[in-house]
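S.K.: Take this structure, written in structure tokens, and hold onto it; I'll ask about it next.
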Amino acid sequence: MPSNRVKIIVRCEDRQRRSFIYRFLVAKGINRHDINIENSPGGKGAATQWVLERYPIEVQALRSGPPASEGLISIIDADNCEVEDRKRQHDDALKQAAQRSRMKNEKIAIVVPKRNTETWINHFLRAHGNDAPVNEHDNYPKLSGRESACAPAAEEFARRCPNGLLADHLPSLRDGCAELQRVIA
């Protein structure tokens with residue numbers, strides 16, 4: 001009998017993050033029917049706040065008996081914050097919802113691209129012929145209206161994560177890979 005159960009729940013800020021993480025997961029061999037992704041509804045307030053509000057709801061659903069999914073990914077840009085600050089905001093959201101902090105063995109990933117996902121996209125596109133150096137402080141242009149153009153970057157990230165990342169890869173990229181291994185390993 002078919003199940004409505006999915007393997008991975010993803011909550012993210014917008015269509016660009018949605019496209020990037022979807023392409024990454026599919027490249028990692030996750031069946032597209034096993035992925036449930038929602039992004040912040042446009043025009044309904046701050047996308048970051050929406051992700052942080054959804055996080056304790058999804059964690060509670062994951063923790064309550066038989067799980068509706070095998071893992072949860074929350075993807076939220078660092079913007080001008082530090083990666084650890086964004087992770088702490090997730091933990092604070094759990095505390096405010098009277099839930100315990102994320103445990104090491106839980107299949108819950110908090111993925112925080114710094115400065116934003118476009119930084120990661122540009123980093124991997126550099127490997128495809130764009131030689132401009134990429135850093136985590138500059139703000140790179142959005143792919144508005146052509147979000148799927150991130151596919152080569154997301155697929156390259158999937159290919160390199162976890163064993164192909166080098167010391168010169170962006171720190172938030174290495175951290176994001178480690179986080180994603182909590183769910184897809």
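Residue numbering restarts at 1 in every chain; chains get A, B, ... in the order shown in the structure tokens, and ligands count up from 1 in that same order.
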May I have the residues within 10 Å of segment 58-61 of chain A as number ranges by chain, using only C-alpha atoms and disregarding those fewer than 2 positions away in the same chain?

M.R.: A: 9-11, 53-56, 63-69, 71-74, 94, 97, 99-102, 106-108

S.K.: For the selection just defined, write its residues with C-alpha atoms to a file, as a PDB file, in the first residue's frame.

M.R.:
```pdb
ATOM      1  CA  ILE A   9      11.151  17.686   4.909  1.00  0.00           C
ATOM      2  CA  VAL A  10      12.801  20.956   3.845  1.00  0.00           C
ATOM      3  CA  ARG A  11      11.847  24.431   4.987  1.00  0.00           C
ATOM      4  CA  GLU A  53       8.605  29.763  13.113  1.00  0.00           C
ATOM      5  CA  ARG A  54       8.222  26.535  11.086  1.00  0.00           C
ATOM      6  CA  TYR A  55      11.294  24.894  12.630  1.00  0.00           C
ATOM      7  CA  PRO A  56       9.860  23.871  16.039  1.00  0.00           C
ATOM      8  CA  ARG A  63       9.959  13.591  17.075  1.00  0.00           C
ATOM      9  CA  SER A  64       6.384  12.455  17.654  1.00  0.00           C
ATOM     10  CA  GLY A  65       5.645   8.934  17.059  1.00  0.00           C
ATOM     11  CA  PRO A  66       5.764   7.179  13.996  1.00  0.00           C
ATOM     12  CA  PRO A  67       7.757   9.828  12.180  1.00  0.00           C
ATOM     13  CA  ALA A  68       6.161  11.556   9.239  1.00  0.00           C
ATOM     14  CA  SER A  69       9.615  11.757   7.692  1.00  0.00           C
ATOM     15  CA  GLY A  71      14.789  13.906   8.319  1.00  0.00           C
ATOM     16  CA  LEU A  72      14.384  17.650   8.428  1.00  0.00           C
ATOM     17  CA  ILE A  73      16.473  20.317   6.700  1.00  0.00           C
ATOM     18  CA  SER A  74      16.125  23.983   7.585  1.00  0.00           C
ATOM     19  CA  LEU A  94      12.843  25.237  20.097  1.00  0.00           C
ATOM     20  CA  ALA A  97       8.240  26.181  21.972  1.00  0.00           C
ATOM     21  CA  GLN A  99      11.173  21.662  23.216  1.00  0.00           C
ATOM     22  CA  ARG A 100      14.606  20.268  23.908  1.00  0.00           C
ATOM     23  CA  SER A 101      17.577  21.288  21.794  1.00  0.00           C
ATOM     24  CA  ARG A 102      18.558  19.313  18.723  1.00  0.00           C
ATOM     25  CA  GLU A 106      18.693  13.453  15.299  1.00  0.00           C
ATOM     26  CA  LYS A 107      18.343  13.701  11.543  1.00  0.00           C
ATOM     27  CA  ILE A 108      17.904  17.444  11.653  1.00  0.00           C
TER      28      ILE A 108
END
```

S.K.: Report the residues of segment 69-144 of chain A whose backbone DSSP state falls under strand (DSSP E), written as number ranges by chain.

M.R.: A: 71-75, 108-111

S.K.: DSSP says helix (DSSP H, G or I) for which residues of segment 8-64 of chain A? Put them as a CSV table (one decimal) with N, CA and C atoms, in the first residue's frame?

M.R.:
```
chain,number,residue,atom,x,y,z
A,15,ARG,N,12.4,30.6,-3.4
A,15,ARG,CA,12.6,29.7,-4.5
A,15,ARG,C,14.0,29.4,-4.8
A,16,GLN,N,14.9,30.3,-4.6
A,16,GLN,CA,16.4,30.0,-4.9
A,16,GLN,C,16.9,28.9,-4.0
A,17,ARG,N,16.6,29.1,-2.7
A,17,ARG,CA,17.1,28.0,-1.7
A,17,ARG,C,16.4,26.7,-2.0
A,18,ARG,N,15.1,26.8,-2.4
A,18,ARG,CA,14.3,25.6,-2.7
A,18,ARG,C,14.9,24.9,-3.9
A,19,SER,N,15.3,25.6,-4.9
A,19,SER,CA,15.8,25.0,-6.1
A,19,SER,C,17.2,24.4,-5.9
A,20,PHE,N,18.0,25.1,-5.1
A,20,PHE,CA,19.4,24.6,-4.8
A,20,PHE,C,19.3,23.3,-4.0
A,21,ILE,N,18.6,23.3,-2.9
A,21,ILE,CA,18.5,22.1,-2.0
A,21,ILE,C,17.9,21.0,-2.7
A,22,TYR,N,16.8,21.2,-3.5
A,22,TYR,CA,16.2,20.2,-4.3
A,22,TYR,C,17.2,19.5,-5.2
A,23,ARG,N,17.9,20.3,-6.0
A,23,ARG,CA,18.9,19.8,-7.0
A,23,ARG,C,20.0,19.0,-6.3
A,24,PHE,N,20.4,19.5,-5.1
A,24,PHE,CA,21.4,18.8,-4.3
A,24,PHE,C,20.9,17.4,-3.9
A,25,LEU,N,19.7,17.4,-3.3
A,25,LEU,CA,19.1,16.1,-2.8
A,25,LEU,C,18.9,15.1,-3.9
A,26,VAL,N,18.4,15.5,-5.1
A,26,VAL,CA,18.2,14.6,-6.2
A,26,VAL,C,19.5,14.1,-6.7
A,27,ALA,N,20.5,15.0,-6.7
A,27,ALA,CA,21.9,14.6,-7.2
A,27,ALA,C,22.5,13.5,-6.2
A,32,ARG,N,12.6,12.3,-6.0
A,32,ARG,CA,11.9,13.6,-5.9
A,32,ARG,C,10.6,13.4,-5.2
A,33,HIS,N,10.0,12.3,-5.2
A,33,HIS,CA,8.7,12.1,-4.5
A,33,HIS,C,8.9,11.9,-3.0
A,34,ASP,N,10.2,11.7,-2.6
A,34,ASP,CA,10.5,11.6,-1.2
A,34,ASP,C,10.9,12.9,-0.5
A,47,ALA,N,11.0,36.2,5.4
A,47,ALA,CA,11.2,34.8,5.1
A,47,ALA,C,12.0,34.1,6.2
A,48,THR,N,13.0,34.8,6.7
A,48,THR,CA,13.8,34.2,7.8
A,48,THR,C,12.9,33.9,9.0
A,49,GLN,N,12.0,34.8,9.3
A,49,GLN,CA,11.1,34.6,10.5
A,49,GLN,C,10.2,33.4,10.2
A,50,TRP,N,9.7,33.3,9.0
A,50,TRP,CA,8.9,32.2,8.6
A,50,TRP,C,9.6,30.8,8.8
A,51,VAL,N,10.8,30.7,8.4
A,51,VAL,CA,11.6,29.5,8.6
A,51,VAL,C,11.8,29.2,10.1
A,52,LEU,N,12.1,30.2,10.8
A,52,LEU,CA,12.3,30.0,12.3
A,52,LEU,C,11.0,29.6,13.0
A,53,GLU,N,9.9,30.1,12.5
A,53,GLU,CA,8.6,29.8,13.1
A,53,GLU,C,8.2,28.3,12.7
A,54,ARG,N,8.5,27.9,11.5
A,54,ARG,CA,8.2,26.5,11.1
A,54,ARG,C,9.1,25.5,11.8
A,55,TYR,N,10.3,25.8,12.1
A,55,TYR,CA,11.3,24.9,12.6
A,55,TYR,C,10.8,24.1,13.8
A,56,PRO,N,10.3,24.7,14.9
A,56,PRO,CA,9.9,23.9,16.0
A,56,PRO,C,8.6,23.0,15.7
A,57,ILE,N,7.8,23.5,14.8
A,57,ILE,CA,6.6,22.7,14.4
A,57,ILE,C,7.1,21.4,13.7
A,58,GLU,N,8.0,21.6,12.8
A,58,GLU,CA,8.6,20.4,12.0
A,58,GLU,C,9.4,19.5,12.9
A,59,VAL,N,10.1,20.0,13.9
A,59,VAL,CA,10.9,19.2,14.8
A,59,VAL,C,10.0,18.4,15.6
A,60,GLN,N,8.9,19.0,16.1
A,60,GLN,CA,7.9,18.3,17.0
A,60,GLN,C,7.3,17.1,16.2
A,61,ALA,N,6.9,17.4,14.9
A,61,ALA,CA,6.3,16.4,14.1
A,61,ALA,C,7.3,15.2,13.8
A,62,LEU,N,8.6,15.6,13.6
A,62,LEU,CA,9.6,14.5,13.4
A,62,LEU,C,9.8,13.7,14.6
A,63,ARG,N,9.7,14.3,15.8
A,63,ARG,CA,10.0,13.6,17.1
A,63,ARG,C,8.8,12.8,17.6
```

S.K.: Select, from A:Asn39, A:Gln96, A:Asn31, A:Glu118, the residue with the minimum atom-to-atom distance to Ala153 of chain A, counting only C-alpha atoms.

M.R.: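 Looking only at the distances to Ala153 of chain A, the closest residue turns out to be A:Glu118.
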
S.K.: For Glu38 of chain A, which residue out of A:Cys161, A:Ile75, A:Ala98, A:Val183 is the nearest one, using only C-alpha atoms?

M.R.: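 Comparing A:Cys161, A:Ile75, A:Ala98, A:Val183 against Glu38 of chain A, the winner is A:Ile75.
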
S.K.: Nearest to Pro171 of chain A among A:Arg126, A:Lys114, A:Lys142, A:Lys28, with distances taken over only C-alpha atoms: which residue is it?

M.R.: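 Answer, going by the shortest atom-to-atom distance: A:Lys114.
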
S.K.: Have a look at atom CA of Asp77 of chain A and atom CA of Thr117 of chain A and let me know their distance in Å, one decimal.

M.R.: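 Computing it gives 6.5 Å between the two atoms.
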
S.K.: What separation in Å, quoted to one decimal, exists between atom CA of Lys104 of chain A and atom CA of Asn116 of chain A?

M.R.: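 Between atom CA of Lys104 of chain A and atom CA of Asn116 of chain A the gap is 25.1 Å.
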